[in-house]
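What follows is the content of upload.tsv, which has TSV, C-alpha atoms:
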chain	number	residue	atom	x	y	z
J	1	MET	CA	3.26	72.99	45.31
J	2	ASN	CA	1.39	73.35	42.08
J	3	SER	CA	4.67	73.72	40.26
J	4	ILE	CA	5.99	70.44	41.72
J	5	LEU	CA	2.76	68.62	40.85
J	6	LYS	CA	2.94	69.91	37.30
J	7	ARG	CA	6.49	68.67	37.00
J	8	ILE	CA	5.52	65.22	38.29
J	9	LEU	CA	2.59	65.02	35.89
J	10	THR	CA	4.81	66.11	33.01
J	11	VAL	CA	7.35	63.38	33.82
J	12	LEU	CA	4.64	60.73	34.10
J	13	ILE	CA	3.05	61.74	30.80
J	14	SER	CA	6.49	61.74	29.15
J	15	LEU	CA	7.18	58.24	30.45
J	16	LEU	CA	3.81	57.04	29.20
J	17	LEU	CA	4.51	58.52	25.77
J	18	ILE	CA	7.95	56.89	25.68
J	19	CYS	CA	6.47	53.49	26.67
J	20	TYR	CA	3.75	53.85	24.04
J	21	VAL	CA	6.24	54.67	21.29
J	22	ALA	CA	8.52	51.83	22.40
J	23	TYR	CA	5.60	49.38	22.36
J	24	GLN	CA	4.52	50.50	18.89
J	25	GLY	CA	8.08	50.11	17.62
J	26	TYR	CA	8.40	46.69	19.22
J	27	SER	CA	5.09	45.58	17.69
J	28	ALA	CA	6.16	46.83	14.26
J	29	LEU	CA	9.56	45.18	14.33
J	30	TYR	CA	8.76	41.93	16.12
J	31	ASN	CA	6.02	39.45	15.38
J	32	PRO	CA	5.36	37.28	18.44
J	33	ILE	CA	3.59	34.63	16.37
J	34	ARG	CA	5.88	31.86	15.05
J	35	THR	CA	4.55	29.52	12.36
J	36	MET	CA	5.57	26.34	10.56
J	37	ARG	CA	4.47	25.40	7.06
J	38	ALA	CA	2.52	22.15	6.94
J	39	ASP	CA	4.20	19.66	4.59
J	40	SER	CA	3.28	16.17	3.50
J	41	GLY	CA	5.45	13.11	4.00
J	42	THR	CA	5.41	9.33	4.28
J	43	PHE	CA	5.85	7.84	7.72
J	44	GLU	CA	6.49	4.25	8.75
J	45	ASP	CA	5.18	2.28	11.68
J	46	ASP	CA	8.16	0.08	12.51
J	47	ILE	CA	8.74	-2.82	14.89
J	48	ASN	CA	12.37	-3.49	15.85
J	49	THR	CA	13.40	-6.92	17.08
J	50	ASP	CA	15.77	-9.83	16.39
J	51	GLY	CA	15.06	-12.17	13.49
J	52	PHE	CA	16.13	-15.67	12.48
J	53	VAL	CA	15.96	-16.92	8.88
J	54	LEU	CA	14.84	-20.50	8.25
J	55	HIS	CA	15.56	-22.33	4.98
J	56	ASN	CA	15.35	-25.89	3.78
J	57	GLU	CA	19.10	-26.52	3.41
J	58	THR	CA	21.31	-29.33	2.14
J	59	VAL	CA	24.95	-29.12	3.18
J	60	ILE	CA	27.53	-30.13	0.55
J	61	THR	CA	30.14	-32.35	2.18
J	62	GLN	CA	31.98	-33.71	-0.88
J	63	LYS	CA	35.13	-31.64	-0.25
J	64	PRO	CA	37.97	-32.98	-2.44
J	65	SER	CA	41.70	-32.54	-1.86
J	66	GLY	CA	43.02	-29.40	-3.50
J	67	VAL	CA	41.95	-25.78	-3.76
J	68	VAL	CA	38.23	-25.12	-4.27
J	69	ASP	CA	37.40	-22.29	-6.70
J	70	TYR	CA	33.73	-21.32	-6.60
J	71	LEU	CA	32.05	-20.75	-9.94
J	72	LEU	CA	28.81	-19.21	-8.67
J	73	GLN	CA	27.85	-16.22	-6.57
J	74	ASP	CA	25.95	-16.84	-3.34
J	75	GLY	CA	22.24	-17.03	-4.05
J	76	SER	CA	22.68	-18.25	-7.65
J	77	SER	CA	20.27	-20.94	-8.82
J	78	ILE	CA	21.75	-24.35	-9.52
J	79	ALA	CA	20.35	-27.55	-11.01
J	80	LYS	CA	20.86	-30.96	-9.43
J	81	ASP	CA	24.38	-32.24	-10.24
J	82	GLY	CA	25.27	-28.78	-11.55
J	83	GLU	CA	28.89	-27.69	-11.09
J	84	VAL	CA	29.29	-25.18	-8.26
J	85	ALA	CA	33.09	-25.19	-7.92
J	86	ALA	CA	36.25	-26.27	-9.71
J	87	VAL	CA	39.17	-27.88	-7.91
J	88	TYR	CA	42.83	-27.09	-8.64
J	89	LYS	CA	46.06	-28.50	-7.26
J	90	THR	CA	47.31	-25.14	-5.97
J	91	ALA	CA	45.94	-21.71	-5.16
J	92	GLN	CA	48.22	-20.26	-7.82
J	93	ASP	CA	46.62	-22.47	-10.47
J	94	ALA	CA	43.18	-21.22	-9.42
J	95	SER	CA	44.33	-17.59	-9.46
J	96	ASN	CA	45.97	-18.00	-12.88
J	97	GLN	CA	42.79	-19.50	-14.32
J	98	HIS	CA	40.90	-16.37	-13.29
J	99	LYS	CA	43.51	-14.16	-14.93
J	100	ILE	CA	43.35	-16.25	-18.12
J	101	GLN	CA	39.56	-15.82	-18.22
J	102	GLN	CA	39.90	-12.06	-17.76
J	103	LEU	CA	42.51	-11.82	-20.54
J	104	SER	CA	40.32	-13.87	-22.86
J	105	TYR	CA	37.37	-11.57	-22.15
J	106	GLN	CA	39.45	-8.46	-22.88
J	107	ILE	CA	40.66	-9.95	-26.18
J	108	GLN	CA	37.05	-10.67	-27.21
J	109	GLN	CA	36.03	-7.12	-26.32
J	110	TYR	CA	38.78	-5.59	-28.49
J	111	GLN	CA	37.95	-7.93	-31.36
J	112	GLN	CA	34.27	-7.01	-31.22
J	113	ILE	CA	35.00	-3.25	-31.22
J	114	GLY	CA	36.80	-3.60	-34.57
J	115	SER	CA	38.78	-0.85	-36.26
J	116	SER	CA	38.53	2.91	-36.92
J	117	ASP	CA	37.04	2.25	-40.37
J	118	GLU	CA	34.17	0.31	-38.78
J	119	ALA	CA	33.75	2.95	-36.06
J	120	ALA	CA	33.66	5.90	-38.48
J	121	SER	CA	29.88	5.71	-38.74
J	122	ILE	CA	29.38	6.04	-34.98
J	123	ASP	CA	27.75	9.28	-33.83
J	124	VAL	CA	30.22	10.71	-31.31
J	125	ASP	CA	27.53	12.78	-29.57
J	126	VAL	CA	25.48	9.65	-28.96
J	127	LEU	CA	28.63	7.88	-27.77
J	128	ASP	CA	29.38	10.72	-25.34
J	129	SER	CA	25.86	10.41	-23.94
J	130	GLU	CA	26.34	6.66	-23.42
J	131	ILE	CA	29.69	7.29	-21.73
J	132	GLU	CA	28.08	9.77	-19.35
J	133	LYS	CA	25.31	7.32	-18.47
J	134	SER	CA	27.83	4.53	-17.95
J	135	PHE	CA	29.98	6.72	-15.70
J	136	LEU	CA	26.96	7.74	-13.62
J	137	GLN	CA	25.93	4.10	-13.26
J	138	LEU	CA	29.44	3.16	-12.09
J	139	SER	CA	29.39	6.07	-9.63
J	140	GLU	CA	25.97	5.09	-8.30
J	141	ASP	CA	26.96	1.45	-7.78
J	142	SER	CA	30.26	2.51	-6.18
J	143	ASP	CA	28.38	4.64	-3.64
J	144	GLY	CA	26.00	1.78	-2.85
J	145	SER	CA	26.47	-0.85	-0.16
J	146	SER	CA	26.83	-3.68	-2.69
J	147	ALA	CA	29.81	-3.94	-5.06
J	148	GLN	CA	28.27	-6.72	-7.13
J	149	ASN	CA	27.86	-4.68	-10.35
J	150	ILE	CA	30.98	-2.52	-10.17
J	151	GLU	CA	33.21	-4.77	-12.29
J	152	SER	CA	30.69	-5.04	-15.13
J	153	ASP	CA	30.08	-1.27	-14.95
J	154	ARG	CA	33.81	-0.62	-15.21
J	155	SER	CA	34.12	-2.97	-18.19
J	156	ASP	CA	31.21	-1.30	-19.99
J	157	LEU	CA	32.72	2.16	-19.45
J	158	VAL	CA	36.17	1.10	-20.70
J	159	THR	CA	34.61	-0.43	-23.82
J	160	LEU	CA	32.77	2.81	-24.60
J	161	LEU	CA	35.93	4.86	-24.09
J	162	ASP	CA	37.79	2.51	-26.44
J	163	LYS	CA	35.07	2.96	-29.05
J	164	LYS	CA	35.42	6.72	-28.78
J	165	GLN	CA	39.17	6.48	-29.45
J	166	LEU	CA	38.39	4.64	-32.68
J	167	ALA	CA	35.52	6.93	-33.67
J	168	THR	CA	37.64	10.07	-33.20
J	169	GLY	CA	40.65	8.60	-34.97
J	170	GLU	CA	42.95	8.64	-31.95
J	171	ILE	CA	43.89	5.05	-32.78
J	172	LYS	CA	43.30	2.92	-35.89
J	173	ASP	CA	42.74	-0.47	-34.24
J	174	PHE	CA	43.62	-2.56	-31.20
J	175	SER	CA	45.90	-5.06	-32.89
J	176	THR	CA	48.83	-4.17	-30.62
J	177	GLN	CA	46.73	-4.52	-27.46
J	178	ILE	CA	45.28	-7.84	-28.66
J	179	ALA	CA	48.77	-9.21	-29.42
J	180	ASN	CA	50.03	-8.23	-25.94
J	181	LEU	CA	47.03	-9.81	-24.23
J	182	GLN	CA	47.37	-13.01	-26.26
J	183	LYS	CA	51.03	-13.23	-25.26
J	184	GLN	CA	50.14	-12.88	-21.57
J	185	GLU	CA	47.38	-15.48	-21.95
J	186	SER	CA	49.78	-17.96	-23.58
J	187	GLN	CA	52.45	-17.47	-20.90
J	188	LEU	CA	49.94	-18.00	-18.08
J	189	SER	CA	48.45	-21.09	-19.74
J	190	ASN	CA	51.92	-22.68	-20.06
J	191	ASN	CA	52.54	-22.20	-16.32
J	192	THR	CA	49.13	-23.19	-14.97
J	193	GLY	CA	47.91	-26.61	-13.99
J	194	GLY	CA	44.48	-27.65	-15.16
J	195	GLN	CA	41.36	-28.46	-13.20
J	196	ILE	CA	41.69	-31.69	-11.20
J	197	GLY	CA	38.12	-32.04	-9.98
J	198	THR	CA	34.67	-30.51	-9.53
J	199	VAL	CA	32.09	-29.98	-6.82
J	200	THR	CA	28.48	-30.54	-7.81
J	201	ALA	CA	25.15	-29.77	-6.17
J	202	PRO	CA	23.37	-32.82	-4.72
J	203	VAL	CA	19.98	-31.09	-5.15
J	204	ALA	CA	18.53	-28.18	-7.10
J	205	GLY	CA	18.12	-24.82	-5.42
J	206	TYR	CA	20.20	-21.76	-4.54
J	207	PHE	CA	23.91	-22.23	-3.90
J	208	VAL	CA	25.68	-20.64	-0.92
J	209	SER	CA	29.43	-21.00	-0.51
J	210	GLN	CA	29.48	-20.75	3.28
J	211	VAL	CA	27.80	-22.47	6.20
J	212	ASP	CA	27.16	-20.93	9.61
J	213	GLY	CA	26.59	-24.05	11.69
J	214	LEU	CA	22.90	-23.23	12.20
J	215	GLU	CA	21.63	-25.14	9.17
J	216	ASN	CA	18.43	-27.11	9.87
J	217	MET	CA	18.53	-26.05	13.54
J	218	TYR	CA	14.75	-25.93	13.24
J	219	ASN	CA	12.81	-27.74	10.52
J	220	ALA	CA	11.55	-25.06	8.12
J	221	GLN	CA	8.63	-27.34	7.23
J	222	ASN	CA	7.29	-26.71	10.77
J	223	ALA	CA	7.89	-22.95	10.71
J	224	LEU	CA	4.21	-22.02	10.92
J	225	SER	CA	3.87	-23.65	14.35
J	226	ILE	CA	7.04	-22.21	15.92
J	227	THR	CA	6.66	-20.79	19.44
J	228	ALA	CA	8.20	-17.77	21.15
J	229	ASP	CA	10.28	-20.16	23.27
J	230	ASP	CA	11.56	-21.88	20.10
J	231	VAL	CA	12.58	-18.50	18.66
J	232	LYS	CA	14.46	-17.59	21.86
J	233	LYS	CA	16.40	-20.84	21.62
J	234	LEU	CA	17.28	-20.23	17.98
J	235	LEU	CA	18.50	-16.71	18.68
J	236	SER	CA	20.85	-17.97	21.39
J	237	ALA	CA	21.85	-21.33	19.83
J	238	ALA	CA	25.54	-22.18	19.44
J	239	PRO	CA	26.65	-23.09	15.87
J	240	VAL	CA	27.44	-26.72	15.09
J	241	SER	CA	30.86	-27.44	13.62
J	242	HIS	CA	30.89	-29.09	10.17
J	243	GLN	CA	33.69	-31.09	8.59
J	244	ASN	CA	34.64	-31.29	4.90
J	245	VAL	CA	31.99	-28.77	3.92
J	246	VAL	CA	32.20	-26.65	0.76
J	247	GLY	CA	28.83	-24.93	0.94
J	248	LYS	CA	25.13	-25.65	0.90
J	249	VAL	CA	22.05	-25.53	-1.29
J	250	ILE	CA	18.87	-23.76	-0.19
J	251	THR	CA	15.97	-25.79	-1.55
J	252	GLY	CA	12.31	-24.98	-2.04
J	253	PHE	CA	10.69	-21.73	-3.07
J	254	ASP	CA	9.88	-20.33	0.37
J	255	SER	CA	12.02	-19.15	3.25
J	256	TYR	CA	10.80	-18.02	6.66
J	257	ILE	CA	11.82	-15.20	8.98
J	258	VAL	CA	10.81	-15.78	12.59
J	259	CYS	CA	10.95	-13.35	15.51
J	260	ASN	CA	9.35	-12.45	18.83
J	261	ILE	CA	7.45	-9.19	19.35
J	262	ASP	CA	5.85	-7.41	22.28
J	263	ALA	CA	2.18	-7.97	22.94
J	264	ASN	CA	1.55	-4.25	22.29
J	265	ASP	CA	2.80	-4.65	18.72
J	266	THR	CA	0.65	-7.64	17.77
J	267	TYR	CA	-2.27	-5.41	16.75
J	268	LYS	CA	-0.10	-3.95	13.98
J	269	LEU	CA	0.18	-7.31	12.21
J	270	GLN	CA	-2.46	-9.55	10.73
J	271	VAL	CA	-2.02	-12.96	9.11
J	272	GLY	CA	-2.10	-12.56	5.35
J	273	ASN	CA	-0.77	-8.99	5.31
J	274	THR	CA	2.11	-8.21	2.96
J	275	LEU	CA	4.86	-5.88	4.14
J	276	ALA	CA	8.63	-5.45	4.17
J	277	ILE	CA	11.45	-6.42	6.52
J	278	ARG	CA	14.83	-4.70	6.68
J	279	PHE	CA	17.93	-6.44	7.97
J	280	LEU	CA	19.76	-3.63	9.71
J	281	LEU	CA	23.26	-5.08	9.31
J	282	SER	CA	22.94	-6.11	5.67
J	283	SER	CA	22.79	-4.47	2.25
J	284	VAL	CA	19.85	-6.63	1.19
J	285	GLY	CA	17.35	-3.76	1.36
J	286	ASP	CA	13.60	-4.26	1.82
J	287	VAL	CA	12.62	-7.93	1.71
J	288	PRO	CA	8.96	-8.47	0.73
J	289	VAL	CA	7.19	-10.87	3.08
J	290	THR	CA	3.76	-12.11	4.08
J	291	VAL	CA	2.63	-12.57	7.70
J	292	ALA	CA	2.18	-16.34	7.79
J	293	ALA	CA	1.46	-16.95	11.49
J	294	ILE	CA	1.27	-15.26	14.90
J	295	ASN	CA	1.67	-17.79	17.73
J	296	GLN	CA	1.29	-17.15	21.45
J	297	ASP	CA	2.67	-19.23	24.28
J	298	SER	CA	3.76	-18.61	27.86
J	299	SER	CA	6.98	-17.01	26.58
J	300	GLY	CA	5.25	-14.41	24.42
J	301	TYR	CA	4.34	-13.88	20.78
J	302	ALA	CA	6.19	-15.43	17.85
J	303	VAL	CA	5.61	-14.09	14.33
J	304	VAL	CA	6.37	-16.07	11.16
J	305	PHE	CA	6.98	-14.23	7.89
J	306	LYS	CA	7.08	-16.15	4.60
J	307	CYS	CA	8.99	-14.96	1.55
J	308	ASP	CA	9.96	-16.30	-1.86
J	309	TYR	CA	12.75	-13.73	-2.25
J	310	MET	CA	16.38	-14.63	-2.94
J	311	SER	CA	19.53	-12.60	-3.57
J	312	SER	CA	23.23	-12.88	-2.82
J	313	PRO	CA	23.07	-10.75	0.38
J	314	PHE	CA	19.90	-12.46	1.62
J	315	SER	CA	21.25	-15.98	1.08
J	316	VAL	CA	23.92	-15.55	3.77
J	317	ILE	CA	21.75	-13.94	6.47
J	318	ARG	CA	20.84	-16.08	9.48
J	319	ARG	CA	20.12	-14.06	12.60
J	320	GLN	CA	20.18	-10.32	12.70
J	321	LYS	CA	18.41	-7.25	14.05
J	322	ILE	CA	15.42	-6.50	11.85
J	323	GLU	CA	12.99	-3.66	11.27
J	324	ILE	CA	9.46	-4.73	10.41
J	325	VAL	CA	7.67	-2.06	8.38
J	326	ALA	CA	4.19	-2.80	9.68
J	327	ASP	CA	2.53	0.01	7.74
J	328	THR	CA	3.19	3.29	5.95
J	329	TYR	CA	1.16	6.47	6.19
J	330	THR	CA	1.13	9.50	3.91
J	331	GLY	CA	-0.10	12.68	5.53
J	332	ILE	CA	0.83	15.91	7.32
J	333	LYS	CA	3.12	15.65	10.33
J	334	VAL	CA	2.09	17.81	13.30
J	335	PRO	CA	4.05	18.10	16.57
J	336	ASP	CA	2.05	17.19	19.67
J	337	SER	CA	2.80	20.63	21.13
J	338	ASP	CA	0.83	22.31	18.31
J	339	VAL	CA	-2.32	20.21	18.77
J	340	TYR	CA	-5.34	21.53	20.70
J	341	ILE	CA	-8.77	20.16	21.60
J	342	VAL	CA	-11.54	22.66	20.77
J	343	ASN	CA	-15.18	21.74	21.29
J	344	GLY	CA	-14.22	18.09	21.36
J	345	SER	CA	-12.31	18.27	18.06
J	346	LYS	CA	-8.56	17.78	17.72
J	347	GLY	CA	-6.83	20.36	15.55
J	348	VAL	CA	-4.31	23.17	15.18
J	349	TYR	CA	-4.37	26.93	14.92
J	350	ILE	CA	-3.13	28.37	11.65
J	351	ARG	CA	-2.35	31.88	10.53
J	352	ASN	CA	-4.59	33.01	7.67
J	353	GLY	CA	-3.34	36.49	6.88
J	354	SER	CA	-3.88	38.41	10.11
J	355	ILE	CA	-6.58	36.03	11.38
J	356	VAL	CA	-6.18	32.96	13.60
J	357	GLN	CA	-8.12	30.01	12.24
J	358	PHE	CA	-8.73	26.64	13.90
J	359	LYS	CA	-8.45	23.66	11.55
J	360	LYS	CA	-9.24	20.08	12.44
J	361	ILE	CA	-6.81	17.22	11.95
J	362	GLU	CA	-7.86	13.71	10.93
J	363	GLN	CA	-5.34	11.59	12.80
J	364	ILE	CA	-4.24	8.47	10.91
J	365	TYR	CA	-1.07	7.71	12.88
J	366	SER	CA	0.73	8.84	16.00
J	367	ALA	CA	4.22	8.31	17.35
J	368	SER	CA	6.37	9.78	20.07
J	369	GLY	CA	6.12	13.56	19.77
J	370	TYR	CA	3.89	13.88	16.72
J	371	VAL	CA	0.71	12.84	14.92
J	372	VAL	CA	0.00	12.42	11.20
J	373	SER	CA	-3.14	13.99	9.73
J	374	ALA	CA	-4.83	12.70	6.56
J	375	ILE	CA	-4.66	14.85	3.43
J	376	ASP	CA	-8.13	15.83	2.23
J	377	PRO	CA	-8.09	18.82	-0.17
J	378	SER	CA	-11.89	18.67	-0.50
J	379	ASN	CA	-12.38	19.54	3.17
J	380	GLN	CA	-10.95	23.02	3.76
J	381	GLY	CA	-11.98	22.81	7.40
J	382	ASN	CA	-9.16	20.30	7.87
J	383	LEU	CA	-5.45	21.08	7.94
J	384	GLN	CA	-4.05	21.43	4.41
J	385	ILE	CA	-0.58	21.30	2.90
J	386	TYR	CA	1.15	24.72	3.04
J	387	ASP	CA	-1.07	25.98	5.88
J	388	GLU	CA	0.94	28.12	8.33
J	389	VAL	CA	0.60	26.24	11.64
J	390	ILE	CA	1.07	28.48	14.69
J	391	GLU	CA	3.77	27.05	16.93
J	392	ASN	CA	3.46	29.48	19.81
J	393	GLY	CA	0.97	31.87	21.32
J	394	ASP	CA	-1.17	31.74	24.44
J	395	ASP	CA	-4.96	31.83	24.65
J	396	LEU	CA	-5.47	31.63	20.89
J	397	TYR	CA	-9.00	31.44	19.57
J	398	ASP	CA	-10.69	31.04	16.18
J	399	GLY	CA	-11.09	34.43	14.49
J	400	GLU	CA	-8.54	36.25	16.65
J	401	VAL	CA	-6.81	39.17	14.90
J	402	ILE	CA	-3.02	39.07	15.12
J	403	LYS	CA	-0.28	41.33	13.84
Here is a file; write its structure as structure tokens.
Amino acid sequence: MNSILKRILTVLISLLLICYVAYQGYSALYNPIRTMRADSGTFEDDINTDGFVLHNETVITQKPSGVVDYLLQDGSSIAKDGEVAAVYKTAQDASNQHKIQQLSYQIQQYQQIGSSDEAASIDVDVLDSEIEKSFLQLSEDSDGSSAQNIESDRSDLVTLLDKKQLATGEIKDFSTQIANLQKQESQLSNNTGGQIGTVTAPVAGYFVSQVDGLENMYNAQNALSITADDVKKLLSAAPVSHQNVVGKVITGFDSYIVCNIDANDTYKLQVGNTLAIRFLLSSVGDVPVTVAAINQDSSGYAVVFKCDYMSSPFSVIRRQKIEIVADTYTGIKVPDSDVYIVNGSKGVYIRNGSIVQFKKIEQIYSASGYVVSAIDPSNQGNLQIYDEVIENGDDLYDGEVIK
């Protein structure tokens, strides 16, 4: 009996030793505490809704017979009676005139570059640096959402490459190229009809080549008193058909962007605040605006934003989904799951070596799933950048020793 008992005790002790060794090995190889480094960032408080742009607009209805060739980009400033378009008898005449202008520009570029003798003093290293910058600019504009500057970038790069050919002696001059271009220009001119008319602006302002049928649907002069019901009607209004229209002129310095927002978002905006609006289906980028009015009626809350901004993409926007950047916050982002309340203070547990430390957070913004804590290097009791925030662990406490 004693022999059996001894065997049982031996087995039990062996099992305990095995479990102890396994636990020590597990503890040495696996750290149950998982941390995340606290990093700073900038976070936006956005309001998403539908917007409608109001301008003071004058429609140009003097459409002549023939083909209209616009001379200005949308959003370009124009004086009263200034020429906004040329009129040609045929589309081919209009197209040929553009080609003639391009040929003339190329001839001028070659003439300005000069010859290899004049280019001999050019520092090729400096020229290579300019070529690299020009190429990078062309690449950057090509990757962007607006192609407005690509043609000028391409022309600048070609000119620099031509200069390098002269500076390195690859060619002596561009006399052959100039002669060929002049020949093409002469042939086109002999087969192209001239301009038969013009279109002028009836008022000064910003020219836009297209109309959308929603011009002056609501008097922009009364924008500050617009109601939520008025905005709903504008957002659902059917365009009006125009006849013999060749464009319009946006007059005045100010435009207005109107929209409706939820009552819960009204506290984020205050009349007089300056902020930015993004049009989500346009390349216009951030449009700087001022909150001009917040009006309440039985239909809800209407907000009026005033801006004196103008660009080609902005000039053609009417109604579109917008993102109102109500405010921006710079701080440390902390997931809600890592936040604890200790002695009435909100904070997180961090790993400081082998010690658990509780650090407070000064909440400046919250959104779904996270809060943003202010950055205050002078207060080491608060969460700091690069602190190792503990993401897991049960029953943590300040001062706890961890492995």
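Put simply, atom CA of Gln73 of chain J is 28.6 Å away from atom CA of Leu161 of chain J.
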How far is it from atom CA of Asn222 of chain J to atom CA of Val289 of chain J, in Å with one decimal?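 Atom CA of Asn222 of chain J sits 17.6 Å away from atom CA of Val289 of chain J.
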Atomic separation - atom CA of Glu215 of chain J relative to atom CA of Ile317 of chain J, Å: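 Between atom CA of Ile317 of chain J and atom CA of Glu215 of chain J the gap works out to 11.5 Å.
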Counting all atoms listed in the file, what is within 6 Å of segment 42-58 of chain J, bar same-chain residues fewer than 5 positions away, as a list in words? Ala220, Lys248, Val249, Ile250, Thr251, Ser255, Tyr256, Ile257, Val258, Cys259, Arg318, Arg319, Gln320, Lys321, Ile322, Glu323, Ile324, Val325, Ala326, Asp327, Thr328, Tyr329 and Thr330 of chain J
Within 9 Å of Asp74 of chain J using all atoms listed in the file, minus same-chain residues under 2 positions, as a PyMOL selection string: chain J and resi 72+76-77+206-210+311-316
